[in-house]
file data-v3.txt (compact mmCIF, C-alpha atoms and all ligand atoms)
# COMPACT_ATOMS: atom_id res chain seq x y z
CA MET A 177 0.00 0.00 0.00
CA ASN A 178 1.21 3.50 -0.86
CA LYS A 179 2.52 5.29 2.21
CA LEU A 180 1.50 8.93 1.96
CA TYR A 181 4.11 10.36 4.31
CA GLY A 182 6.78 7.65 3.97
CA ASP A 183 7.49 4.57 6.03
CA VAL A 184 9.87 5.63 8.81
CA VAL A 185 7.90 6.05 12.03
CA LEU A 186 9.13 7.19 15.43
CA ILE A 187 6.79 6.52 18.36
CA ALA A 188 7.77 8.18 21.63
CA GLY A 189 6.47 5.95 24.43
CA ALA A 190 5.97 2.59 22.72
CA SER A 191 6.74 0.13 25.52
CA SER A 192 3.14 -0.05 26.68
CA GLY A 193 -0.49 0.83 25.99
CA MET A 194 -1.36 3.00 23.00
CA GLY A 195 2.20 3.47 21.72
CA LYS A 196 2.84 -0.27 21.76
CA ALA A 197 -0.47 -1.02 20.00
CA ILE A 198 0.23 1.64 17.34
CA ALA A 199 3.78 0.28 16.86
CA GLU A 200 2.52 -3.29 16.36
CA ALA A 201 -0.25 -2.25 13.96
CA LEU A 202 1.99 -0.05 11.79
CA SER A 203 4.75 -2.63 11.75
CA GLN A 204 2.22 -5.18 10.42
CA GLU A 205 1.39 -2.73 7.62
CA GLY A 206 5.03 -2.61 6.54
CA TYR A 207 6.14 0.61 8.26
CA LYS A 208 9.65 0.75 9.73
CA VAL A 209 8.67 1.43 13.30
CA TYR A 210 11.09 2.75 15.88
CA GLY A 211 9.52 2.82 19.33
CA THR A 212 11.02 4.24 22.48
CA SER A 213 11.26 3.46 26.16
CA ARG A 214 13.31 4.78 29.06
CA LYS A 215 14.08 1.16 29.91
CA VAL A 216 16.12 0.28 26.81
CA LYS A 217 19.58 -0.53 28.18
CA THR A 218 22.45 1.76 27.32
CA GLU A 219 26.03 0.63 27.88
CA SER A 220 27.53 3.63 29.58
CA ASN A 221 25.86 6.95 29.00
CA ASP A 222 22.12 7.33 29.56
CA GLU A 223 21.88 10.01 26.91
CA VAL A 224 23.25 7.80 24.11
CA ALA A 225 20.51 6.25 22.03
CA VAL A 226 20.76 2.54 21.46
CA CYS A 227 18.47 0.27 19.59
CA THR A 228 17.12 -3.17 20.45
CA ASP A 229 15.34 -5.43 18.02
CA THR A 230 12.03 -6.82 19.20
CA GLY A 231 11.28 -8.80 16.06
CA GLY A 232 9.12 -7.81 13.07
CA PHE A 233 10.13 -4.29 12.30
CA ILE A 234 9.84 -2.69 15.69
CA LYS A 235 13.11 -1.44 17.04
CA MET A 236 13.25 0.16 20.44
CA ILE A 237 15.35 3.25 21.09
CA GLN A 238 16.27 4.53 24.55
CA LEU A 239 14.50 7.81 25.28
CA ASP A 240 13.54 9.91 28.25
CA VAL A 241 11.46 12.79 26.87
CA CYS A 242 12.27 14.81 30.00
CA SER A 243 15.86 15.19 28.85
CA ASP A 244 16.94 17.47 25.99
CA GLU A 245 20.04 15.34 25.41
CA SER A 246 18.09 12.10 25.32
CA ALA A 247 15.44 13.49 22.93
CA LYS A 248 18.12 14.88 20.60
CA ALA A 249 20.15 11.66 20.77
CA ALA A 250 17.11 9.53 19.86
CA VAL A 251 16.18 11.73 16.89
CA ASP A 252 19.82 11.98 15.70
CA PHE A 253 20.16 8.21 16.00
CA LEU A 254 17.20 7.65 13.71
CA LYS A 255 18.31 10.32 11.24
CA GLU A 256 21.70 8.61 11.06
CA LYS A 257 20.15 5.16 10.60
CA GLU A 258 17.32 5.93 8.14
CA GLY A 259 18.23 9.36 6.76
CA ARG A 260 14.77 10.68 7.63
CA ILE A 261 11.79 10.55 10.00
CA ASP A 262 8.48 10.52 8.14
CA ILE A 263 5.99 10.18 10.99
CA LEU A 264 6.35 11.12 14.66
CA VAL A 265 3.78 9.94 17.19
CA ASN A 266 4.08 11.47 20.67
CA CYS A 267 2.53 9.04 23.16
CA ALA A 268 4.82 9.41 26.18
CA GLY A 269 2.83 10.53 29.17
CA PHE A 270 1.49 9.82 32.63
CA ALA A 271 -1.18 11.15 34.99
CA LEU A 272 -0.47 13.18 38.10
CA ALA A 273 -3.34 13.10 40.62
CA GLY A 274 -3.80 15.53 43.47
CA ALA A 275 -5.75 18.59 44.51
CA VAL A 276 -4.20 21.81 43.20
CA GLU A 277 -3.51 22.88 46.79
CA ASP A 278 -1.75 19.58 47.54
CA THR A 279 0.49 19.64 44.47
CA THR A 280 3.98 21.09 44.71
CA HIS A 281 5.57 23.04 41.91
CA GLU A 282 8.11 20.21 41.43
CA GLU A 283 5.35 17.62 41.07
CA ALA A 284 3.45 19.81 38.60
CA PHE A 285 6.65 20.50 36.65
CA ARG A 286 7.39 16.78 36.35
CA GLU A 287 3.96 16.33 34.79
CA PHE A 288 4.53 19.15 32.33
CA ASN A 289 8.07 18.03 31.62
CA THR A 290 6.81 14.69 30.31
CA ASN A 291 3.39 15.43 28.79
CA PHE A 292 4.06 18.89 27.37
CA PHE A 293 7.78 19.73 27.21
CA GLY A 294 8.50 16.10 26.25
CA ALA A 295 6.29 16.41 23.17
CA HIS A 296 7.79 19.85 22.50
CA ARG A 297 11.33 18.40 22.58
CA MET A 298 10.39 15.64 20.14
CA CYS A 299 8.63 18.08 17.75
CA ARG A 300 11.52 20.52 17.99
CA TYR A 301 14.21 18.03 17.04
CA THR A 302 12.16 16.19 14.42
CA ALA A 303 10.69 19.16 12.51
CA PRO A 304 13.99 20.23 10.82
CA ILE A 305 14.47 16.69 9.50
CA MET A 306 10.94 16.63 8.09
CA ARG A 307 11.38 20.11 6.62
CA GLU A 308 14.56 18.99 4.88
CA ASN A 309 12.57 16.12 3.41
CA GLY A 310 9.71 18.41 2.32
CA LYS A 311 7.04 16.35 4.08
CA GLY A 312 6.13 14.67 7.32
CA LEU A 313 3.40 14.00 9.85
CA ILE A 314 3.29 14.63 13.59
CA ILE A 315 0.55 13.09 15.74
CA ASN A 316 0.30 14.20 19.36
CA ILE A 317 -1.70 12.05 21.75
CA SER A 318 -3.68 14.45 23.89
CA SER A 319 -6.77 13.51 25.94
CA THR A 320 -10.41 14.41 26.52
CA ALA A 321 -8.89 15.91 29.68
CA GLY A 322 -7.26 18.41 27.30
CA LEU A 323 -10.74 19.69 26.47
CA ILE A 324 -12.50 19.34 29.82
CA SER A 325 -10.61 19.75 33.10
CA VAL A 326 -11.05 17.10 35.76
CA PRO A 327 -10.88 17.81 39.51
CA PHE A 328 -7.95 16.18 41.34
CA GLN A 329 -6.19 15.77 38.01
CA SER A 330 -6.00 19.48 37.17
CA PHE A 331 -2.30 19.40 36.34
CA TYR A 332 -2.76 16.44 34.03
CA SER A 333 -5.53 18.40 32.30
CA ALA A 334 -3.36 21.53 32.25
CA SER A 335 -0.49 19.65 30.58
CA LYS A 336 -2.89 18.37 27.90
CA TYR A 337 -4.54 21.81 27.42
CA ALA A 338 -1.02 23.14 26.87
CA LEU A 339 -0.30 20.33 24.39
CA GLU A 340 -3.51 21.21 22.53
CA ALA A 341 -2.49 24.86 22.26
CA MET A 342 1.04 24.06 21.08
CA THR A 343 -0.25 21.53 18.54
CA GLU A 344 -2.75 24.00 17.05
CA GLY A 345 0.02 26.60 16.59
CA LEU A 346 2.60 24.11 15.32
CA ARG A 347 0.14 22.87 12.73
CA MET A 348 -0.11 26.33 11.15
CA GLU A 349 3.66 26.94 11.38
CA LEU A 350 4.60 23.69 9.63
CA LYS A 351 1.90 23.68 6.96
CA PRO A 352 3.89 25.74 4.41
CA TYR A 353 6.66 23.10 4.60
CA GLY A 354 4.37 20.20 3.71
CA ILE A 355 4.37 18.88 7.29
CA LYS A 356 0.97 17.92 8.71
CA VAL A 357 0.17 17.99 12.43
CA SER A 358 -2.80 16.38 14.09
CA MET A 359 -3.86 15.20 17.53
CA ILE A 360 -5.90 12.41 19.00
CA GLU A 361 -8.05 12.79 22.09
CA PRO A 362 -8.59 9.43 23.74
CA GLY A 363 -10.94 8.88 26.63
CA ASP A 364 -10.62 6.14 29.25
CA THR A 365 -8.56 3.34 27.75
CA LYS A 366 -7.25 0.18 29.36
CA THR A 367 -3.45 0.54 29.31
CA GLY A 368 -0.53 0.86 31.73
CA PHE A 369 -1.70 4.44 32.39
CA THR A 370 -3.67 3.50 35.53
CA ASN A 371 -0.71 1.80 37.23
CA SER A 372 1.70 4.57 36.32
CA ARG A 373 -0.52 7.29 37.86
CA VAL A 374 1.46 9.33 40.40
CA CYS A 375 -0.32 10.90 43.38
CA ALA A 376 0.91 14.17 44.87
CA GLU A 377 2.73 13.43 48.12
CA ALA A 378 0.37 15.62 50.20
CA SER A 379 -2.70 13.70 48.98
CA ARG A 380 -2.01 11.01 51.58
CA ASP A 381 -2.99 13.26 54.44
CA SER A 382 -5.17 15.91 52.88
CA VAL A 383 -8.27 17.83 53.77
CA TYR A 384 -9.59 16.61 50.39
CA LYS A 385 -8.73 12.95 51.07
CA ALA A 386 -12.28 11.52 51.07
CA THR A 387 -13.32 13.24 47.81
CA PHE A 388 -9.89 12.68 46.26
CA ASP A 389 -10.01 8.93 46.96
CA LYS A 390 -13.53 8.68 45.56
CA SER A 391 -12.60 10.65 42.46
CA ILE A 392 -9.47 8.61 41.73
CA ALA A 393 -11.33 5.34 42.36
CA ARG A 394 -13.84 6.43 39.71
CA MET A 395 -11.05 7.25 37.23
CA VAL A 396 -9.33 3.91 37.89
CA LYS A 397 -12.60 2.02 37.40
CA ASP A 398 -13.43 3.87 34.16
CA GLU A 399 -9.93 3.32 32.75
CA GLN A 400 -9.79 -0.34 33.68
CA SER A 401 -13.24 -1.03 32.27
CA GLY A 402 -12.42 1.03 29.17
CA PRO A 403 -11.63 -0.50 25.78
CA PRO A 404 -8.12 -1.53 24.73
CA PRO A 405 -6.41 1.00 22.41
CA VAL A 406 -8.03 -0.38 19.22
CA GLY A 407 -9.88 2.89 18.52
CA ILE A 408 -6.66 4.86 18.92
CA VAL A 409 -4.90 2.61 16.40
CA GLN A 410 -7.77 3.15 13.95
CA ALA A 411 -7.55 6.92 14.47
CA VAL A 412 -3.79 6.84 13.76
CA LYS A 413 -4.39 4.81 10.60
CA ARG A 414 -7.04 7.29 9.42
CA ILE A 415 -4.64 10.19 9.97
CA ILE A 416 -1.64 8.60 8.25
CA ASN A 417 -3.80 7.78 5.25
CA SER A 418 -5.15 11.31 4.96
CA SER A 419 -3.43 14.08 3.00
CA ASN A 420 -5.48 16.60 4.98
CA PRO A 421 -5.69 15.26 8.55
CA PRO A 422 -8.05 16.96 11.03
CA VAL A 423 -6.83 19.25 13.81
CA ARG A 424 -8.11 16.73 16.33
CA GLN A 425 -9.83 13.38 16.43
CA VAL A 426 -11.84 12.51 19.51
CA VAL A 427 -11.96 8.75 19.99
CA GLY A 428 -14.94 6.83 21.35
CA PRO A 429 -18.69 7.59 21.28
CA VAL A 430 -18.88 8.83 24.90
CA ASN A 431 -15.97 11.21 24.40
CA LYS A 432 -17.42 12.51 21.15
CA VAL A 433 -20.62 13.39 23.05
CA LEU A 434 -18.60 15.00 25.88
CA ALA A 435 -16.52 17.07 23.44
CA PHE A 436 -19.70 18.16 21.65
CA LEU A 437 -21.40 19.11 24.95
CA LYS A 438 -18.32 21.11 25.93
CA TRP A 439 -18.76 23.29 22.83
CA ILE A 440 -22.52 23.73 23.02
CA LEU A 441 -23.36 23.82 26.76
CA PRO A 442 -22.75 26.76 29.08
CA ASP A 443 -19.60 26.34 31.22
CA ARG A 444 -21.62 26.03 34.44
CA LEU A 445 -23.55 23.08 33.06
CA VAL A 446 -20.38 21.31 31.92
CA GLU A 447 -18.94 21.94 35.39
CA TYR A 448 -22.06 20.48 37.00
CA ILE A 449 -21.78 17.26 34.93
CA VAL A 450 -18.04 16.83 35.60
CA SER A 451 -18.55 17.56 39.33
CA LYS A 452 -21.24 14.89 39.53
CA LEU A 453 -18.79 12.38 38.08
CA TYR A 454 -15.54 13.31 39.80
CA ALA A 455 -16.06 15.64 42.76
N1 LIG B 501 -5.13 5.36 29.04
C1 LIG B 501 -5.96 6.36 29.09
O1 LIG B 501 -7.08 6.25 29.66
C2 LIG B 501 -5.61 7.66 28.41
C3 LIG B 501 -6.66 8.56 28.14
C4 LIG B 501 -6.35 9.76 27.49
C5 LIG B 501 -5.05 10.04 27.10
N2 LIG B 501 -4.05 9.15 27.38
C6 LIG B 501 -2.70 9.51 26.92
O2 LIG B 501 -2.23 8.51 26.06
C7 LIG B 501 -0.78 8.51 26.04
C8 LIG B 501 -0.30 7.08 26.15
O3 LIG B 501 -0.65 6.56 27.42
P1 LIG B 501 -1.08 5.04 27.65
O4 LIG B 501 -2.49 5.06 28.08
O5 LIG B 501 -0.66 4.20 26.52
O6 LIG B 501 -0.20 4.75 28.97
P2 LIG B 501 0.98 3.70 29.28
O7 LIG B 501 0.54 2.34 28.91
O8 LIG B 501 1.38 3.97 30.68
O9 LIG B 501 2.15 4.16 28.27
C9 LIG B 501 2.89 5.32 28.52
C10 LIG B 501 4.14 5.31 27.67
O10 LIG B 501 4.82 6.55 27.93
C11 LIG B 501 6.18 6.27 28.13
N3 LIG B 501 6.78 7.29 29.01
C12 LIG B 501 6.33 7.74 30.20
N4 LIG B 501 7.17 8.68 30.70
C13 LIG B 501 8.17 8.83 29.79
C14 LIG B 501 9.33 9.63 29.70
N5 LIG B 501 9.69 10.50 30.66
N6 LIG B 501 10.12 9.51 28.59
C15 LIG B 501 9.80 8.65 27.62
N7 LIG B 501 8.73 7.85 27.64
C16 LIG B 501 7.92 7.94 28.71
C17 LIG B 501 6.23 4.87 28.76
O11 LIG B 501 7.49 4.28 28.44
P3 LIG B 501 8.62 3.81 29.52
O12 LIG B 501 7.98 3.81 30.88
O13 LIG B 501 8.98 2.44 29.04
O14 LIG B 501 9.71 4.78 29.35
C18 LIG B 501 5.09 4.19 28.02
O15 LIG B 501 5.57 3.60 26.82
C19 LIG B 501 -0.36 9.40 27.21
O16 LIG B 501 0.06 10.65 26.70
C20 LIG B 501 -1.65 9.58 28.02
O17 LIG B 501 -1.67 10.82 28.67
C21 LIG B 501 -4.30 7.98 28.03

call {"tool": "encode", "arguments": {"input": "data-v3.txt", "output": "structure tokens"}}
result
Amino acid sequence: MNKLYGDVVLIAGASSGMGKAIAEALSQEGYKVYGTSRKVKTESNDEVAVCTDTGGFIKMIQLDVCSDESAKAAVDFLKEKEGRIDILVNCAGFALAGAVEDTTHEEAFREFNTNFFGAHRMCRYTAPIMRENGKGLIINISSTAGLISVPFQSFYSASKYALEAMTEGLRMELKPYGIKVSMIEPGDTKTGFTNSRVCAEASRDSVYKATFDKSIARMVKDEQSGPPPVGIVQAVKRIINSSNPPVRQVVGPVNKVLAFLKWILPDRLVEYIVSKLYA
């Protein structure tokens, strides 16, 4: 099958969940997929990208998106190996839970450093390579939480709102160079996301503890009873086969309704619905 943007794919955060499912699906369609994980072993220096072969055509590169050096090393490594990067999918992320009052600046920064600055680093280092090639595609994995803020996960939402804003701007900046940018907004999906959730230290002994625990229990239940990332894989396939990909694709019927309500309902009504669910 003709590959609109080319066949060299870099997926940041492909050791688990959505990134892993996307990597497997694209590899089966004949793409040369390079996935990443922080856990790929390096011999001496953590910032030096190395590659392990997992069979098929998925090769794993060492990457911590929180490090400039690591992000640059991973992108340089792929440029050296393949001469180009045709498609970048930014999946690396985790959820920070905690009331705003209970969250320290350091905890909030860690969230932003992965979910927002991590994607920024990857876009920043990859864009010149795509520009040189005259084409390319960047897909950022955002969240419904990037459209509607959730109590006790405000900093997760904030990092995704920020990602949404950056992606919208980047899309217009890169368009003249033939590079397309799009994002996907998943809802609750059964992945490693639930287990990797980090709670703000002060949540353990907080004035909000009862509501916080109830709210997080609801999120955990919804994620764990959510679908596997099949819909996300389909959304990625739709985007990579489109010469004019949408700004955003909301995945899942419930999330499509939520996103629609967000645009048409007054803010107070949206707040009432979200409060009923999570506060
Ligand atoms: N699951 C959901 O319900 C849901 C809903 C909406 C949006 N999302 C978003 O979907 C994306 C994928 O999450 P998922 O659900 O597939 O979760 P997951 O199974 O936990 O996968 C997260 C991936 O991110 C990577 N990662 C985390 N921190 C990293 C760092 N500092 N540097 C490099 N890689 C890092 C992990 O790799 P290593 O740990 O191996 O490095 C892993 O491959 C995230 O951006 C998440 O916010 C998830």

call {"tool": "atom_distance", "arguments": {"input": "data-v3.txt", "atom1": "CA of Met395 in chain A", "atom2": "atom C16 of ligand LIG 501 (chain B)"}}
result
20.8 Å

call {"tool": "closest_residue", "arguments": {"input": "data-v3.txt", "among": "A:Met194, A:Val409, A:Ala393, A:Met342", "to": "ligand LIG 501 (chain B)", "atoms": "only C-alpha atoms and all ligand atoms"}}
result
A:Met194

call {"tool": "closest_atom_pairs", "arguments": {"input": "data-v3.txt", "of": "chain A", "to": "ligand LIG 501 (chain B)", "cutoff": "8 Å", "atoms": "all atoms listed in the file", "output": "tab-separated table"}}
result
residue	atom	partner	partner_atom	distance
A:Ala188	CA	B:LIG501	N7	6.1
A:Gly189	CA	B:LIG501	O15	3.5
A:Ala190	CA	B:LIG501	O15	4.2
A:Ser191	CA	B:LIG501	O15	3.9
A:Ser192	CA	B:LIG501	O7	4.2
A:Gly193	CA	B:LIG501	O5	3.4
A:Met194	CA	B:LIG501	O5	3.8
A:Gly195	CA	B:LIG501	O5	5.6
A:Lys196	CA	B:LIG501	O15	6.9
A:Thr212	CA	B:LIG501	N7	6.7
A:Ser213	CA	B:LIG501	O14	3.8
A:Arg214	CA	B:LIG501	O14	3.6
A:Lys215	CA	B:LIG501	O13	5.3
A:Val216	CA	B:LIG501	O13	7.8
A:Leu239	CA	B:LIG501	C15	5.3
A:Asp240	CA	B:LIG501	N6	3.5
A:Val241	CA	B:LIG501	N6	3.9
A:Cys242	CA	B:LIG501	N5	5.1
A:Ser243	CA	B:LIG501	N5	8.0
A:Asn266	CA	B:LIG501	O16	7.3
A:Cys267	CA	B:LIG501	C7	4.4
A:Ala268	CA	B:LIG501	O10	3.4
A:Gly269	CA	B:LIG501	O16	3.7
A:Phe270	CA	B:LIG501	O17	5.2
A:Ala271	CA	B:LIG501	O17	6.3
A:Asn289	CA	B:LIG501	N5	7.8
A:Thr290	CA	B:LIG501	N5	5.1
A:Asn291	CA	B:LIG501	O16	6.2
A:Gly294	CA	B:LIG501	N6	7.2
A:Ile317	CA	B:LIG501	O16	5.4
A:Ser318	CA	B:LIG501	C5	5.6
A:Ser319	CA	B:LIG501	C5	4.0
A:Thr320	CA	B:LIG501	C4	6.2
A:Ala321	CA	B:LIG501	C4	7.0
A:Tyr332	CA	B:LIG501	O17	7.8
A:Lys336	CA	B:LIG501	O17	7.7
A:Glu361	CA	B:LIG501	C4	6.4
A:Pro362	CA	B:LIG501	C4	4.4
A:Gly363	CA	B:LIG501	C3	4.5
A:Asp364	CA	B:LIG501	O1	3.6
A:Thr365	CA	B:LIG501	O1	3.8
A:Lys366	CA	B:LIG501	N1	5.6
A:Thr367	CA	B:LIG501	O7	4.4
A:Gly368	CA	B:LIG501	O7	3.4
A:Phe369	CA	B:LIG501	O8	3.6
A:Thr370	CA	B:LIG501	N1	6.9
A:Asn371	CA	B:LIG501	O8	7.2
A:Ser372	CA	B:LIG501	O8	5.7
A:Glu399	CA	B:LIG501	O1	5.1
A:Gly402	CA	B:LIG501	O1	7.5
A:Pro405	CA	B:LIG501	O5	7.8

call {"tool": "atom_distance", "arguments": {"input": "data-v3.txt", "atom1": "CA of Met298 in chain A", "atom2": "CA of Gly310 in chain A"}}
result
18.0 Å

call {"tool": "residues_around", "arguments": {"input": "data-v3.txt", "residues": "Val357 in chain A", "least_positions_apart": "3", "cutoff": "12 Å", "atoms": "all atoms listed in the file", "output": "count of residues only"}}
result
42

call {"tool": "closest_residue", "arguments": {"input": "data-v3.txt", "among": "A:Val433, A:Glu377, A:Glu282, A:Ala247", "to": "Arg300 in chain A", "atoms": "only C-alpha atoms"}}
result
A:Ala247

call {"tool": "residues_near_point", "arguments": {"input": "data-v3.txt", "point": "(8.5, 16.8, 42.8)", "cutoff": "12 Å", "atoms": "all atoms listed in the file", "output": "PyMOL selection string"}}
result
chain A and resi 272+278-289+374-378

call {"tool": "atom_distance", "arguments": {"input": "data-v3.txt", "atom1": "CA of Ser335 in chain A", "atom2": "CA of Ile237 in chain A"}}
result
24.7 Å

call {"tool": "residues_around", "arguments": {"input": "data-v3.txt", "residues": "range 327-329 of chain A", "least_positions_apart": "2", "cutoff": "8 Å", "atoms": "all atoms listed in the file", "output": "list in words"}}
result
Ala271, Leu272, Ala273, Gly274, Ala275, Val276, Ser325, Phe331, Tyr332, Ser333, Phe388, Ser391, Ile392, Ser451, Tyr454 and Ala455 of chain A

call {"tool": "axis_aligned_box", "arguments": {"input": "data-v3.txt", "around": "range 426-439 of chain A", "padding_each_side": "4 Å", "output": "lines of an AutoDock Vina configuration file"}}
result
center_x = -16.6
center_y = 15.1
center_z = 22.7
size_x = 17.6
size_y = 24.5
size_z = 14.4

call {"tool": "residues_around", "arguments": {"input": "data-v3.txt", "residues": "Lys438 in chain A", "least_positions_apart": "6", "cutoff": "12 Å", "atoms": "all atoms listed in the file", "output": "VMD selection string"}}
result
chain A and resid 320 to 325 431 to 432 444 to 450

call {"tool": "write_last_selection", "arguments": {"input": "data-v3.txt", "atoms": "C-alpha atoms", "output": "CSV table (one decimal), keeping the file's coordinate frame"}}
result
chain,number,residue,atom,x,y,z
A,320,THR,CA,-10.4,14.4,26.5
A,321,ALA,CA,-8.9,15.9,29.7
A,322,GLY,CA,-7.3,18.4,27.3
A,323,LEU,CA,-10.7,19.7,26.5
A,324,ILE,CA,-12.5,19.3,29.8
A,325,SER,CA,-10.6,19.8,33.1
A,431,ASN,CA,-16.0,11.2,24.4
A,432,LYS,CA,-17.4,12.5,21.2
A,444,ARG,CA,-21.6,26.0,34.4
A,445,LEU,CA,-23.6,23.1,33.1
A,446,VAL,CA,-20.4,21.3,31.9
A,447,GLU,CA,-18.9,21.9,35.4
A,448,TYR,CA,-22.1,20.5,37.0
A,449,ILE,CA,-21.8,17.3,34.9
A,450,VAL,CA,-18.0,16.8,35.6

call {"tool": "build_atoms", "arguments": {"input": "data-v3.txt", "residues": "range 200-213 of chain A", "atoms": "N, CA and C atoms", "output": "PDB file, keeping the file's coordinate frame"}}
result
ATOM      1  N   GLU A 200       2.790  -1.944  16.905  1.00  0.00           N
ATOM      2  CA  GLU A 200       2.520  -3.290  16.360  1.00  0.00           C
ATOM      3  C   GLU A 200       1.680  -3.203  15.082  1.00  0.00           C
ATOM      4  N   ALA A 201       0.653  -2.343  15.121  1.00  0.00           N
ATOM      5  CA  ALA A 201      -0.250  -2.250  13.960  1.00  0.00           C
ATOM      6  C   ALA A 201       0.484  -1.684  12.735  1.00  0.00           C
ATOM      7  N   LEU A 202       1.301  -0.653  12.939  1.00  0.00           N
ATOM      8  CA  LEU A 202       1.990  -0.050  11.790  1.00  0.00           C
ATOM      9  C   LEU A 202       3.080  -0.966  11.253  1.00  0.00           C
ATOM     10  N   SER A 203       3.726  -1.675  12.175  1.00  0.00           N
ATOM     11  CA  SER A 203       4.750  -2.630  11.750  1.00  0.00           C
ATOM     12  C   SER A 203       4.127  -3.710  10.856  1.00  0.00           C
ATOM     13  N   GLN A 204       2.923  -4.157  11.239  1.00  0.00           N
ATOM     14  CA  GLN A 204       2.220  -5.180  10.420  1.00  0.00           C
ATOM     15  C   GLN A 204       1.855  -4.635   9.046  1.00  0.00           C
ATOM     16  N   GLU A 205       1.724  -3.328   8.929  1.00  0.00           N
ATOM     17  CA  GLU A 205       1.390  -2.730   7.620  1.00  0.00           C
ATOM     18  C   GLU A 205       2.627  -2.372   6.820  1.00  0.00           C
ATOM     19  N   GLY A 206       3.802  -2.794   7.313  1.00  0.00           N
ATOM     20  CA  GLY A 206       5.030  -2.610   6.540  1.00  0.00           C
ATOM     21  C   GLY A 206       5.784  -1.325   6.838  1.00  0.00           C
ATOM     22  N   TYR A 207       5.374  -0.594   7.879  1.00  0.00           N
ATOM     23  CA  TYR A 207       6.140   0.610   8.260  1.00  0.00           C
ATOM     24  C   TYR A 207       7.392   0.174   9.025  1.00  0.00           C
ATOM     25  N   LYS A 208       8.446   0.986   8.920  1.00  0.00           N
ATOM     26  CA  LYS A 208       9.650   0.750   9.730  1.00  0.00           C
ATOM     27  C   LYS A 208       9.435   1.497  11.030  1.00  0.00           C
ATOM     28  N   VAL A 209       9.070   0.767  12.064  1.00  0.00           N
ATOM     29  CA  VAL A 209       8.670   1.430  13.300  1.00  0.00           C
ATOM     30  C   VAL A 209       9.806   1.415  14.330  1.00  0.00           C
ATOM     31  N   TYR A 210      10.154   2.604  14.776  1.00  0.00           N
ATOM     32  CA  TYR A 210      11.090   2.750  15.880  1.00  0.00           C
ATOM     33  C   TYR A 210      10.290   3.250  17.081  1.00  0.00           C
ATOM     34  N   GLY A 211      10.212   2.419  18.115  1.00  0.00           N
ATOM     35  CA  GLY A 211       9.520   2.820  19.330  1.00  0.00           C
ATOM     36  C   GLY A 211      10.542   3.256  20.358  1.00  0.00           C
ATOM     37  N   THR A 212      10.067   3.842  21.444  1.00  0.00           N
ATOM     38  CA  THR A 212      11.020   4.240  22.480  1.00  0.00           C
ATOM     39  C   THR A 212      10.548   3.829  23.861  1.00  0.00           C
ATOM     40  N   SER A 213      11.533   3.709  24.737  1.00  0.00           N
ATOM     41  CA  SER A 213      11.260   3.460  26.160  1.00  0.00           C
ATOM     42  C   SER A 213      12.457   3.974  26.954  1.00  0.00           C
TER      43      SER A 213
END
